[in-house]
file data-v1.tsv (TSV, C-alpha atoms and all ligand atoms)
chain	number	residue	atom	x	y	z
A	17	MET	CA	-1.00	-18.69	-28.00
A	18	SER	CA	-0.71	-20.49	-24.65
A	19	PHE	CA	-3.27	-20.63	-21.88
A	20	ASP	CA	-2.86	-20.83	-18.18
A	21	LEU	CA	-5.43	-23.45	-17.39
A	22	ARG	CA	-4.63	-23.25	-13.70
A	23	ALA	CA	-6.80	-20.15	-13.80
A	24	PHE	CA	-9.68	-22.55	-14.25
A	25	PRO	CA	-10.13	-24.84	-11.27
A	26	MET	CA	-10.44	-28.55	-12.01
A	27	GLY	CA	-13.89	-29.50	-13.09
A	28	SER	CA	-15.04	-26.09	-14.25
A	29	VAL	CA	-13.47	-26.54	-17.65
A	30	ASP	CA	-12.42	-29.45	-19.78
A	31	GLU	CA	-8.65	-29.05	-19.50
A	32	SER	CA	-8.09	-30.51	-22.93
A	33	LYS	CA	-9.72	-27.54	-24.59
A	34	VAL	CA	-9.02	-23.87	-24.74
A	35	PRO	CA	-11.64	-21.82	-22.83
A	36	LEU	CA	-14.62	-20.86	-24.95
A	37	LEU	CA	-15.72	-17.21	-25.06
A	38	SER	CA	-19.44	-16.42	-25.32
A	39	VAL	CA	-20.05	-12.95	-26.71
A	40	ILE	CA	-23.53	-11.77	-25.73
A	41	ILE	CA	-24.99	-8.82	-27.66
A	42	PRO	CA	-28.34	-7.40	-26.51
A	43	THR	CA	-30.18	-5.75	-29.39
A	44	PHE	CA	-33.19	-3.72	-30.23
A	45	ASN	CA	-33.45	-2.46	-33.81
A	46	GLU	CA	-29.81	-3.03	-34.74
A	47	ARG	CA	-30.31	-4.54	-38.21
A	48	GLU	CA	-27.75	-2.29	-39.87
A	49	ASN	CA	-25.07	-3.08	-37.31
A	50	MET	CA	-25.36	-6.88	-37.49
A	51	PRO	CA	-23.45	-7.38	-40.78
A	52	ILE	CA	-20.67	-5.17	-39.44
A	53	ILE	CA	-20.14	-6.15	-35.83
A	54	ILE	CA	-20.55	-9.93	-36.09
A	55	PRO	CA	-17.94	-10.47	-38.84
A	56	LYS	CA	-15.63	-8.07	-37.03
A	57	ILE	CA	-15.86	-10.03	-33.79
A	58	ALA	CA	-15.34	-13.30	-35.67
A	59	GLN	CA	-12.30	-11.90	-37.40
A	60	VAL	CA	-10.62	-10.38	-34.35
A	61	LEU	CA	-11.19	-13.50	-32.24
A	62	GLY	CA	-10.26	-15.78	-35.14
A	63	ASP	CA	-6.98	-13.91	-35.63
A	64	SER	CA	-6.16	-14.44	-31.97
A	65	SER	CA	-7.30	-18.09	-32.02
A	66	VAL	CA	-9.94	-17.52	-29.37
A	67	PRO	CA	-12.71	-20.11	-29.65
A	68	HIS	CA	-16.03	-18.32	-29.40
A	69	GLU	CA	-19.77	-18.17	-29.94
A	70	ILE	CA	-21.75	-15.01	-30.64
A	71	ILE	CA	-25.26	-14.77	-29.21
A	72	VAL	CA	-27.51	-11.90	-30.22
A	73	MET	CA	-30.28	-11.42	-27.64
A	74	ASP	CA	-32.91	-9.59	-29.66
A	75	ASP	CA	-36.17	-8.23	-28.27
A	76	ASP	CA	-38.14	-9.19	-31.36
A	77	SER	CA	-36.98	-6.03	-33.15
A	78	PRO	CA	-39.44	-4.86	-35.81
A	79	ASP	CA	-36.57	-3.72	-38.07
A	80	GLY	CA	-35.54	-7.30	-38.88
A	81	THR	CA	-32.47	-7.63	-36.66
A	82	SER	CA	-32.93	-11.39	-36.29
A	83	GLU	CA	-33.20	-11.88	-40.07
A	84	ALA	CA	-30.00	-9.88	-40.47
A	85	VAL	CA	-28.27	-12.22	-38.00
A	86	GLY	CA	-29.69	-15.17	-39.98
A	87	GLU	CA	-27.97	-13.83	-43.10
A	88	VAL	CA	-24.63	-13.36	-41.36
A	89	GLN	CA	-24.91	-16.81	-39.79
A	90	LYS	CA	-24.58	-18.40	-43.23
A	91	GLU	CA	-20.96	-17.20	-43.26
A	92	ILE	CA	-20.35	-17.26	-39.54
A	93	PRO	CA	-22.04	-20.32	-38.06
A	94	GLN	CA	-20.83	-19.63	-34.53
A	95	ALA	CA	-23.27	-16.68	-34.43
A	96	ARG	CA	-26.96	-17.04	-33.60
A	97	CYS	CA	-29.92	-14.96	-32.61
A	98	VAL	CA	-32.31	-15.60	-29.72
A	99	VAL	CA	-35.59	-13.78	-30.28
A	100	ARG	CA	-37.21	-12.72	-27.02
A	101	LYS	CA	-40.92	-12.01	-27.00
A	102	THR	CA	-41.53	-11.58	-23.28
A	103	ASP	CA	-39.84	-9.78	-20.40
A	104	LYS	CA	-38.28	-7.28	-22.76
A	105	GLY	CA	-35.51	-4.92	-21.79
A	106	LEU	CA	-31.75	-4.62	-21.84
A	107	SER	CA	-30.92	-6.23	-18.50
A	108	PRO	CA	-33.36	-9.16	-18.83
A	109	ALA	CA	-31.88	-9.77	-22.29
A	110	VAL	CA	-28.36	-9.97	-20.83
A	111	ILE	CA	-29.45	-12.18	-17.93
A	112	GLN	CA	-31.15	-14.57	-20.35
A	113	GLY	CA	-28.01	-14.39	-22.49
A	114	TYR	CA	-26.01	-15.74	-19.55
A	115	LYS	CA	-28.32	-18.75	-19.48
A	116	GLU	CA	-28.00	-19.32	-23.22
A	117	ALA	CA	-24.21	-19.01	-23.20
A	118	LYS	CA	-22.18	-22.22	-23.17
A	119	GLY	CA	-18.75	-20.63	-22.84
A	120	ASP	CA	-16.25	-20.56	-19.98
A	121	ILE	CA	-16.22	-16.77	-20.16
A	122	HIS	CA	-19.29	-14.62	-20.75
A	123	LEU	CA	-18.73	-11.23	-22.37
A	124	VAL	CA	-21.38	-8.56	-22.94
A	125	MET	CA	-21.08	-5.76	-25.48
A	126	ASP	CA	-23.29	-3.31	-27.35
A	127	ALA	CA	-24.24	-3.86	-30.96
A	128	ASP	CA	-23.57	-0.35	-32.15
A	129	LEU	CA	-19.74	-0.48	-32.34
A	130	SER	CA	-19.42	1.91	-29.41
A	131	HIS	CA	-17.26	-0.74	-27.79
A	132	PRO	CA	-13.99	-1.47	-29.61
A	133	VAL	CA	-13.96	-5.05	-30.86
A	134	GLU	CA	-10.14	-4.98	-31.00
A	135	VAL	CA	-9.78	-5.31	-27.22
A	136	LEU	CA	-11.71	-8.60	-27.01
A	137	PRO	CA	-8.55	-10.78	-26.96
A	138	LYS	CA	-7.09	-8.57	-24.23
A	139	MET	CA	-10.23	-8.94	-22.12
A	140	TYR	CA	-10.24	-12.68	-22.72
A	141	ASN	CA	-6.60	-12.94	-21.63
A	142	ALA	CA	-7.22	-10.86	-18.51
A	143	ILE	CA	-9.36	-13.77	-17.36
A	144	VAL	CA	-7.62	-16.77	-18.94
A	145	LYS	CA	-4.02	-15.71	-18.36
A	146	ASP	CA	-4.12	-13.16	-15.57
A	147	GLY	CA	-6.74	-14.86	-13.45
A	148	ALA	CA	-9.30	-12.06	-13.25
A	149	ASP	CA	-12.89	-13.02	-12.41
A	150	VAL	CA	-14.35	-9.90	-13.95
A	151	VAL	CA	-12.84	-7.69	-16.63
A	152	VAL	CA	-14.32	-4.33	-17.53
A	153	GLY	CA	-13.84	-2.29	-20.71
A	154	SER	CA	-13.32	1.00	-18.91
A	155	ARG	CA	-13.60	4.59	-20.13
A	156	HIS	CA	-12.34	6.03	-16.87
A	157	THR	CA	-9.13	4.12	-16.33
A	158	THR	CA	-5.76	5.41	-17.59
A	159	GLY	CA	-5.73	5.25	-21.38
A	160	GLY	CA	-9.52	5.08	-21.65
A	161	GLY	CA	-11.84	7.79	-22.85
A	162	ILE	CA	-14.88	8.92	-24.77
A	163	GLU	CA	-14.71	10.25	-28.29
A	164	ASN	CA	-16.45	13.48	-29.25
A	165	TRP	CA	-18.49	14.04	-26.14
A	166	PRO	CA	-18.97	17.64	-25.03
A	167	PHE	CA	-17.68	18.56	-21.58
A	168	MET	CA	-21.12	18.54	-19.94
A	169	ARG	CA	-21.96	15.04	-21.11
A	170	ARG	CA	-18.60	13.72	-19.96
A	171	PHE	CA	-19.08	15.43	-16.62
A	172	ILE	CA	-22.53	13.86	-16.08
A	173	SER	CA	-21.19	10.46	-17.04
A	174	TRP	CA	-18.25	10.89	-14.66
A	175	GLY	CA	-20.53	12.11	-11.86
A	176	ALA	CA	-22.87	9.17	-12.35
A	177	ALA	CA	-19.91	6.77	-12.18
A	178	MET	CA	-18.69	8.47	-8.99
A	179	MET	CA	-22.06	7.94	-7.32
A	180	ALA	CA	-21.58	4.22	-7.78
A	181	ARG	CA	-17.89	4.23	-6.81
A	182	PRO	CA	-18.31	3.06	-3.18
A	183	LEU	CA	-20.27	0.06	-4.42
A	184	THR	CA	-17.56	-1.46	-6.58
A	185	PRO	CA	-13.81	-1.83	-7.01
A	186	CYS	CA	-13.97	-0.51	-10.59
A	187	SER	CA	-13.54	2.93	-12.16
A	188	ASP	CA	-16.30	2.48	-14.73
A	189	PRO	CA	-19.07	0.46	-13.09
A	190	MET	CA	-21.58	1.78	-15.63
A	191	SER	CA	-19.80	0.25	-18.57
A	192	GLY	CA	-21.87	-2.06	-20.75
A	193	PHE	CA	-18.72	-3.82	-21.92
A	194	PHE	CA	-17.41	-6.52	-19.59
A	195	ALA	CA	-16.65	-10.19	-19.19
A	196	ILE	CA	-17.04	-12.59	-16.28
A	197	ARG	CA	-16.42	-16.17	-15.35
A	198	PRO	CA	-19.90	-17.70	-15.02
A	199	LYS	CA	-19.26	-18.72	-11.40
A	200	VAL	CA	-19.27	-15.02	-10.45
A	201	ILE	CA	-23.04	-14.85	-10.85
A	202	ASP	CA	-23.82	-18.42	-9.89
A	203	GLY	CA	-26.77	-18.12	-7.48
A	204	ALA	CA	-26.53	-14.32	-7.35
A	205	PRO	CA	-29.98	-12.68	-7.05
A	206	LEU	CA	-29.57	-10.51	-10.14
A	207	LYS	CA	-32.48	-8.16	-10.69
A	208	ALA	CA	-33.31	-7.05	-14.19
A	209	LYS	CA	-34.73	-3.67	-13.34
A	210	GLY	CA	-31.81	-1.30	-13.92
A	211	TYR	CA	-29.96	-0.79	-17.20
A	212	LYS	CA	-26.57	-1.13	-15.56
A	213	ILE	CA	-26.17	-4.86	-15.40
A	214	LEU	CA	-22.45	-4.63	-14.56
A	215	LEU	CA	-23.31	-2.79	-11.34
A	216	GLU	CA	-25.71	-5.60	-10.45
A	217	VAL	CA	-22.98	-8.16	-11.11
A	218	LEU	CA	-20.32	-6.28	-9.13
A	219	VAL	CA	-22.60	-5.72	-6.12
A	220	LYS	CA	-24.21	-9.15	-5.99
A	221	GLY	CA	-21.65	-11.46	-7.59
A	222	LYS	CA	-18.78	-13.37	-5.97
A	223	TYR	CA	-15.30	-12.55	-7.20
A	224	ASP	CA	-11.76	-11.82	-6.09
A	225	LYS	CA	-10.07	-10.01	-8.91
A	226	VAL	CA	-11.48	-7.28	-11.16
A	227	SER	CA	-9.33	-6.05	-14.06
A	228	GLU	CA	-9.88	-3.07	-16.29
A	229	VAL	CA	-8.96	-2.71	-19.93
A	230	PRO	CA	-8.97	0.88	-21.19
A	231	ILE	CA	-11.34	1.57	-24.05
A	232	THR	CA	-12.32	4.60	-26.07
A	233	PHE	CA	-16.09	4.74	-26.32
A	234	LYS	CA	-17.42	5.90	-29.69
A	235	ASP	CA	-20.93	7.12	-30.36
A	236	ARG	CA	-22.92	4.95	-32.73
A	237	GLU	CA	-22.98	5.76	-36.44
A	238	LEU	CA	-25.91	3.56	-37.41
A	239	GLY	CA	-29.31	3.20	-35.76
A	240	GLU	CA	-30.62	5.08	-32.76
A	241	SER	CA	-29.90	5.11	-29.06
A	242	LYS	CA	-32.69	3.48	-27.05
A	243	LEU	CA	-31.60	4.68	-23.68
A	244	GLY	CA	-32.96	8.19	-23.33
A	245	SER	CA	-33.97	10.43	-20.44
A	246	LYS	CA	-35.71	7.73	-18.38
A	247	VAL	CA	-32.30	6.22	-17.79
A	248	MET	CA	-31.33	8.85	-15.23
A	249	VAL	CA	-34.30	8.25	-12.91
A	250	ASN	CA	-33.95	4.51	-13.34
A	251	TYR	CA	-30.25	4.78	-12.47
A	252	ILE	CA	-30.89	6.62	-9.21
A	253	GLN	CA	-33.56	4.08	-8.19
A	254	HIS	CA	-31.17	1.28	-9.05
A	255	LEU	CA	-28.36	2.87	-7.01
A	256	ILE	CA	-30.63	3.18	-3.96
A	257	GLN	CA	-31.52	-0.50	-4.20
A	258	LEU	CA	-27.87	-1.46	-4.53
A	259	TYR	CA	-26.74	0.71	-1.61
A	260	LEU	CA	-29.41	-0.97	0.54
A	261	PHE	CA	-28.43	-4.45	-0.61
A	262	PRO	CA	-26.80	-6.45	2.24
A	263	GLY	CA	-23.02	-6.37	2.06
A	264	SER	CA	-22.64	-3.51	-0.43
A	265	ALA	CA	-20.59	-0.40	0.47
A	266	PRO	CA	-19.83	-1.76	3.98
A	267	LEU	CA	-17.97	1.31	5.23
A	268	ILE	CA	-20.94	3.58	4.60
A	269	LYS	CA	-23.34	1.11	6.20
A	270	PHE	CA	-20.99	0.64	9.14
A	271	LEU	CA	-20.84	4.38	9.83
A	272	PHE	CA	-24.60	4.65	9.53
A	273	VAL	CA	-25.18	1.73	11.89
A	274	GLY	CA	-22.63	3.22	14.30
A	275	GLY	CA	-24.62	6.45	14.29
A	276	THR	CA	-27.85	4.64	15.12
A	277	GLY	CA	-25.95	2.73	17.82
A	278	MET	CA	-24.96	6.03	19.44
A	279	LEU	CA	-28.64	7.00	19.52
A	280	ILE	CA	-29.51	3.67	21.12
A	281	ASP	CA	-26.79	4.22	23.68
A	282	LEU	CA	-28.11	7.67	24.51
A	283	GLY	CA	-31.74	6.52	24.45
A	284	VAL	CA	-31.19	3.59	26.80
A	285	ILE	CA	-29.22	5.55	29.33
A	286	SER	CA	-31.79	8.35	29.27
A	287	LEU	CA	-34.58	5.82	29.65
A	288	LEU	CA	-32.88	4.13	32.59
A	289	LEU	CA	-32.28	7.45	34.26
A	290	PHE	CA	-35.88	8.40	33.62
A	291	LEU	CA	-37.39	5.12	34.84
A	292	LEU	CA	-35.08	4.32	37.73
A	293	GLY	CA	-34.64	7.92	38.56
A	294	ASP	CA	-31.96	10.37	39.33
A	295	ASN	CA	-34.25	11.88	41.90
A	296	ASN	CA	-33.91	9.01	44.29
A	297	PHE	CA	-30.24	9.51	44.91
A	298	ASP	CA	-27.58	12.11	44.50
A	299	LEU	CA	-25.91	11.62	41.14
A	300	LEU	CA	-22.75	13.24	42.35
A	301	GLY	CA	-22.50	11.09	45.46
A	302	MET	CA	-20.62	7.80	45.28
A	303	GLU	CA	-23.78	5.75	45.44
A	304	GLY	CA	-25.38	7.60	42.55
A	305	LEU	CA	-22.28	7.36	40.43
A	306	LYS	CA	-22.30	3.62	40.74
A	307	TYR	CA	-25.79	3.45	39.33
A	308	VAL	CA	-24.82	5.60	36.41
A	309	TYR	CA	-21.93	3.27	35.65
A	310	LEU	CA	-24.37	0.42	35.69
A	311	TYR	CA	-26.69	2.27	33.33
A	312	GLN	CA	-23.75	3.00	31.08
A	313	ALA	CA	-22.84	-0.66	30.96
A	314	GLY	CA	-26.45	-1.48	30.10
A	315	SER	CA	-26.69	1.07	27.32
A	316	PHE	CA	-23.28	0.01	25.97
A	317	LEU	CA	-24.48	-3.59	25.82
A	318	ALA	CA	-27.70	-2.55	24.11
A	319	ALA	CA	-25.84	-0.47	21.52
A	320	VAL	CA	-23.24	-3.18	20.83
A	321	THR	CA	-25.99	-5.76	20.39
A	322	TRP	CA	-27.99	-3.49	18.12
A	323	ASN	CA	-24.89	-2.74	16.03
A	324	PHE	CA	-24.00	-6.41	15.92
A	325	PHE	CA	-27.27	-7.49	14.33
A	326	TRP	CA	-27.35	-4.73	11.74
A	327	ASN	CA	-23.70	-5.26	10.86
A	328	ARG	CA	-24.07	-9.01	10.64
A	329	TYR	CA	-27.11	-9.05	8.38
A	330	TRP	CA	-26.78	-5.77	6.55
A	331	THR	CA	-23.34	-4.15	6.61
A	332	PHE	CA	-21.27	-7.27	6.01
A	333	ASN	CA	-23.96	-9.79	5.05
A	334	ALA	CA	-22.14	-12.38	7.18
A	335	ARG	CA	-25.12	-14.59	8.01
A	336	LYS	CA	-23.24	-17.77	7.14
A	337	GLY	CA	-20.73	-17.55	10.01
A	338	SER	CA	-21.39	-18.72	13.57
A	339	LYS	CA	-23.45	-16.09	15.35
A	340	SER	CA	-22.05	-16.65	18.83
A	341	SER	CA	-18.44	-16.54	17.73
A	342	GLN	CA	-19.10	-13.40	15.67
A	343	TYR	CA	-20.84	-11.78	18.61
A	344	THR	CA	-18.01	-12.60	21.01
A	345	LYS	CA	-15.43	-11.15	18.63
A	346	PHE	CA	-17.54	-8.09	17.91
A	347	PHE	CA	-17.92	-7.52	21.63
A	348	VAL	CA	-14.19	-7.89	22.23
A	349	VAL	CA	-13.48	-5.33	19.50
A	350	ALA	CA	-16.00	-2.94	21.06
A	351	ILE	CA	-14.40	-3.33	24.50
A	352	ILE	CA	-10.92	-2.76	23.07
A	353	ALA	CA	-12.16	0.33	21.24
A	354	PHE	CA	-13.82	1.54	24.45
A	355	CYS	CA	-10.58	1.09	26.41
A	356	VAL	CA	-8.57	2.86	23.72
A	357	ARG	CA	-11.06	5.73	23.77
A	358	THR	CA	-10.92	6.05	27.53
A	359	ALA	CA	-7.13	5.84	27.61
A	360	LEU	CA	-6.62	8.38	24.79
A	361	MET	CA	-9.09	10.82	26.34
A	362	TYR	CA	-7.39	10.42	29.69
A	363	VAL	CA	-3.98	11.12	28.20
A	364	GLY	CA	-5.22	14.00	26.05
A	365	VAL	CA	-7.39	15.75	28.61
A	366	ASP	CA	-6.01	14.86	32.01
A	367	VAL	CA	-2.33	14.25	31.32
A	368	ILE	CA	-1.56	16.69	28.50
A	369	GLY	CA	-4.28	19.04	29.64
A	370	LEU	CA	-6.08	19.65	26.35
A	371	ASN	CA	-9.33	20.54	28.04
A	372	GLY	CA	-10.01	24.02	26.75
A	373	GLU	CA	-11.70	25.06	23.50
A	374	PRO	CA	-11.07	24.07	20.77
A	375	TRP	CA	-8.57	21.42	21.82
A	376	TYR	CA	-11.06	19.30	23.67
A	377	GLN	CA	-13.25	19.08	20.53
A	378	VAL	CA	-10.23	18.41	18.31
A	379	ILE	CA	-9.00	15.56	20.45
A	380	LEU	CA	-12.52	14.18	20.79
A	381	ILE	CA	-12.97	14.05	17.00
A	382	GLY	CA	-9.52	12.50	16.56
A	383	VAL	CA	-10.26	9.85	19.17
A	384	ILE	CA	-13.67	9.06	17.64
A	385	PHE	CA	-11.95	8.63	14.29
A	386	ILE	CA	-9.32	6.25	15.67
A	387	VAL	CA	-11.91	4.24	17.56
A	388	THR	CA	-14.11	4.00	14.46
A	389	VAL	CA	-11.17	2.68	12.44
A	390	ILE	CA	-10.46	0.05	15.13
A	391	ASN	CA	-14.12	-0.96	15.24
A	392	TYR	CA	-14.41	-1.14	11.47
A	393	LEU	CA	-11.24	-3.10	10.83
A	394	GLY	CA	-11.89	-5.41	13.78
A	395	SER	CA	-15.37	-6.11	12.44
A	396	LYS	CA	-14.42	-6.52	8.81
A	397	LEU	CA	-11.17	-8.43	9.17
A	398	TRP	CA	-11.94	-10.45	12.28
A	399	ALA	CA	-15.47	-10.61	13.66
A	400	PHE	CA	-17.28	-10.92	10.33
A	401	LYS	CA	-14.44	-12.29	8.23
A	402	LYS	CA	-15.79	-14.65	5.60
B	501	LIG	N1	-32.49	-6.78	-25.99
B	501	LIG	C1	-32.51	-5.46	-25.78
B	501	LIG	N2	-31.43	-4.72	-26.10
B	501	LIG	C2	-31.48	-3.38	-25.90
B	501	LIG	C3	-32.60	-2.74	-25.34
B	501	LIG	N3	-32.34	-1.41	-25.26
B	501	LIG	C4	-31.10	-1.24	-25.76
B	501	LIG	N4	-30.58	-2.42	-26.13
B	501	LIG	C5	-29.25	-2.68	-26.73
B	501	LIG	O1	-28.31	-2.30	-25.77
B	501	LIG	C6	-27.17	-1.75	-26.40
B	501	LIG	C7	-26.94	-0.33	-25.88
B	501	LIG	O2	-28.05	0.48	-26.24
B	501	LIG	P1	-27.90	1.92	-26.86
B	501	LIG	O3	-29.23	2.32	-27.35
B	501	LIG	O4	-26.77	1.94	-27.84
B	501	LIG	O5	-27.53	2.75	-25.57
B	501	LIG	P2	-26.53	3.99	-25.44
B	501	LIG	O6	-25.23	3.56	-26.04
B	501	LIG	O7	-26.47	4.22	-23.96
B	501	LIG	O8	-27.17	5.08	-26.20
B	501	LIG	C8	-27.44	-1.80	-27.88
B	501	LIG	O9	-26.86	-2.95	-28.41
B	501	LIG	C9	-28.95	-1.86	-27.94
B	501	LIG	O10	-29.43	-2.48	-29.13
B	501	LIG	C10	-33.73	-3.55	-24.99
B	501	LIG	O11	-34.73	-3.08	-24.49
B	501	LIG	N5	-33.63	-4.89	-25.23
B	502	MG	MG	-24.94	2.86	-27.83

call {"tool": "encode", "arguments": {"input": "data-v1.tsv", "output": "structure tokens"}}
result
Amino acid sequence: MSFDLRAFPMGSVDESKVPLLSVIIPTFNERENMPIIIPKIAQVLGDSSVPHEIIVMDDDSPDGTSEAVGEVQKEIPQARCVVRKTDKGLSPAVIQGYKEAKGDIHLVMDADLSHPVEVLPKMYNAIVKDGADVVVGSRHTTGGGIENWPFMRRFISWGAAMMARPLTPCSDPMSGFFAIRPKVIDGAPLKAKGYKILLEVLVKGKYDKVSEVPITFKDRELGESKLGSKVMVNYIQHLIQLYLFPGSAPLIKFLFVGGTGMLIDLGVISLLLFLLGDNNFDLLGMEGLKYVYLYQAGSFLAAVTWNFFWNRYWTFNARKGSKSSQYTKFFVVAIIAFCVRTALMYVGVDVIGLNGEPWYQVILIGVIFIVTVINYLGSKLWAFKK
């Protein structure tokens, strides 16, 4: 087997050795599964000559999981168990597992054989050979699936995955089976609250390429599921946190900020009219019109500035770039969009004459759409480009 070591930048890995895979298995009461899954992993990875370590992150299971690992370890010395007595829970166990792991690739999988061990070499190669930063064992990609689940359960699982879709570039962001290069989460503020640690990693980590390997998920045969009904509520809370996290789902945030910007625009112009008065002069006379233009310029500036700050800190999380240069570019994009809007409305309404119902509304919506696309792309690809 050959390895493309260029996938590992100089310094991150000793180039004389083949990248080491750390398999992290969070457990709670999985005694019966230990003598099955650990030898299976060792065999599959051994057959493919993948150097590896196996770390069981056990929450001090009363059923003797750690003792079971101790037994297996006699035959398979690259396996070990870390017994955790504080900060219990699935996600904290995985996060601590990342700290324990010494490998160049960190892979997480369940203990209950729901995740097919056979695809481990494929996932490893997706990173080592194909240069992925994250690889996900996916049930929802072509070729993936779930064995023996009734329609309703599949539907709920699919719906839950869809709710997270805008947050990540992956079809199965709820999978508990995935591998990363450690640099992906280096310095990332991972929170251990939710059960879906992959979502945390995909929202908060730094990566370029995400690959998916299709898997068929099988229900466990031994032991019991620990993740019951509380998971649903926890998942929704977790999703809300992740949607609010700076830089996640930028298109949704951008549209939301744009909406608030329109309110600012309207509010400022109304306020100016209210304070400085439309009583003092005739709005329809030339003099009055000039004031309104001035007010419009003021409210435009206020809205652009408002949008700029929210987009910089929240939508795109671009606080590292130079503020003045970002502001200038953002302003230029807004002016261009404004000119495009004015020109298109002029052509549509005054030149072509689409000023009756419903054509005026149709053209207005079309123009707003085009202008939003210009604003979004200009912001993402230019003003706030990282
Ligand atoms: N360390 C640790 N592992 C857990 C905890 N809860 C579940 N796990 C492990 O996480 C994996 C998935 O849990 P499981 O109960 O199979 O969830 P399900 O497949 O969604 O029903 C298994 O390996 C469990 O042993 C926990 O609180 N702490
Ligand atoms: Mg399970």

call {"tool": "residues_near_ligand", "arguments": {"input": "data-v1.tsv", "ligand": "ligand LIG 501 (chain B)", "cutoff": "9 Å", "atoms": "all atoms listed in the file", "output": "short mmCIF file (atom, residue, chain, number, x, y, z; two decimals) with C-alpha atoms, keeping the file's coordinate frame"}}
result
data_model
loop_
_atom_site.label_atom_id
_atom_site.label_comp_id
_atom_site.auth_asym_id
_atom_site.auth_seq_id
_atom_site.Cartn_x
_atom_site.Cartn_y
_atom_site.Cartn_z
CA ILE A 41 -24.99 -8.82 -27.66
CA PRO A 42 -28.34 -7.40 -26.51
CA THR A 43 -30.18 -5.75 -29.39
CA PHE A 44 -33.19 -3.72 -30.23
CA ASN A 45 -33.45 -2.46 -33.81
CA GLU A 46 -29.81 -3.03 -34.74
CA VAL A 72 -27.51 -11.90 -30.22
CA MET A 73 -30.28 -11.42 -27.64
CA ASP A 74 -32.91 -9.59 -29.66
CA ASP A 75 -36.17 -8.23 -28.27
CA ASP A 76 -38.14 -9.19 -31.36
CA SER A 77 -36.98 -6.03 -33.15
CA VAL A 99 -35.59 -13.78 -30.28
CA ARG A 100 -37.21 -12.72 -27.02
CA LYS A 104 -38.28 -7.28 -22.76
CA GLY A 105 -35.51 -4.92 -21.79
CA LEU A 106 -31.75 -4.62 -21.84
CA SER A 107 -30.92 -6.23 -18.50
CA PRO A 108 -33.36 -9.16 -18.83
CA ALA A 109 -31.88 -9.77 -22.29
CA VAL A 110 -28.36 -9.97 -20.83
CA MET A 125 -21.08 -5.76 -25.48
CA ASP A 126 -23.29 -3.31 -27.35
CA ALA A 127 -24.24 -3.86 -30.96
CA ASP A 128 -23.57 -0.35 -32.15
CA LEU A 129 -19.74 -0.48 -32.34
CA SER A 130 -19.42 1.91 -29.41
CA GLY A 192 -21.87 -2.06 -20.75
CA TYR A 211 -29.96 -0.79 -17.20
CA LYS A 234 -17.42 5.90 -29.69
CA ASP A 235 -20.93 7.12 -30.36
CA ARG A 236 -22.92 4.95 -32.73
CA GLY A 239 -29.31 3.20 -35.76
CA GLU A 240 -30.62 5.08 -32.76
CA SER A 241 -29.90 5.11 -29.06
CA LYS A 242 -32.69 3.48 -27.05
CA LEU A 243 -31.60 4.68 -23.68
CA GLY A 244 -32.96 8.19 -23.33
CA VAL A 247 -32.30 6.22 -17.79
#

call {"tool": "atom_distance", "arguments": {"input": "data-v1.tsv", "atom1": "CA of Ser395 (chain A)", "atom2": "CA of Asn327 (chain A)"}}
result
8.5 Å

call {"tool": "closest_residue", "arguments": {"input": "data-v1.tsv", "among": "A:Lys145, A:Lys269, A:Lys212, A:Lys220", "to": "His254 (chain A)", "atoms": "all atoms listed in the file"}}
result
A:Lys212

call {"tool": "atom_distance", "arguments": {"input": "data-v1.tsv", "atom1": "CA of His131 (chain A)", "atom2": "CA of Ile57 (chain A)"}}
result
11.1 Å

call {"tool": "atom_distance", "arguments": {"input": "data-v1.tsv", "atom1": "CA of Val144 (chain A)", "atom2": "CA of Lys199 (chain A)"}}
result
14.0 Å

call {"tool": "closest_residue", "arguments": {"input": "data-v1.tsv", "among": "A:Val389, A:Leu291, A:Met139, A:Ile384", "to": "Leu267 (chain A)", "atoms": "all atoms listed in the file"}}
result
A:Val389

call {"tool": "closest_residue", "arguments": {"input": "data-v1.tsv", "among": "A:Phe193, A:Val320, A:Leu370, A:Ala334", "to": "ligand MG 502 (chain B)", "atoms": "all atoms listed in the file"}}
result
A:Phe193

call {"tool": "residues_near_point", "arguments": {"input": "data-v1.tsv", "point": "(-28.7, -1.7, 27.8)", "cutoff": "10 Å", "atoms": "all atoms listed in the file", "output": "list in words"}}
result
Ile280, Asp281, Leu282, Gly283, Val284, Ile285, Leu287, Leu288, Leu310, Tyr311, Gln312, Ala313, Gly314, Ser315, Phe316, Leu317, Ala318, Ala319, Val320, Thr321 and Trp322 of chain A

call {"tool": "closest_residue", "arguments": {"input": "data-v1.tsv", "among": "A:Tyr259, A:Met50, A:Leu218, A:Gly113", "to": "Glu83 (chain A)", "atoms": "only C-alpha atoms"}}
result
A:Met50

call {"tool": "closest_residue", "arguments": {"input": "data-v1.tsv", "among": "A:Gly147, A:Pro132, A:Pro182, A:Pro189", "to": "ligand MG 502 (chain B)", "atoms": "all atoms listed in the file"}}
result
A:Pro132

call {"tool": "closest_residue", "arguments": {"input": "data-v1.tsv", "among": "A:Phe233, A:Val378, A:Val85, A:Cys97", "to": "ligand MG 502 (chain B)", "atoms": "only C-alpha atoms and all ligand atoms"}}
result
A:Phe233

call {"tool": "residues_near_point", "arguments": {"input": "data-v1.tsv", "point": "(-18.1, -20.9, -30.2)", "cutoff": "12 Å", "atoms": "only C-alpha atoms", "output": "number ranges by chain"}}
result
A: 34-40, 57-58, 61-62, 65-71, 92-96, 117-122
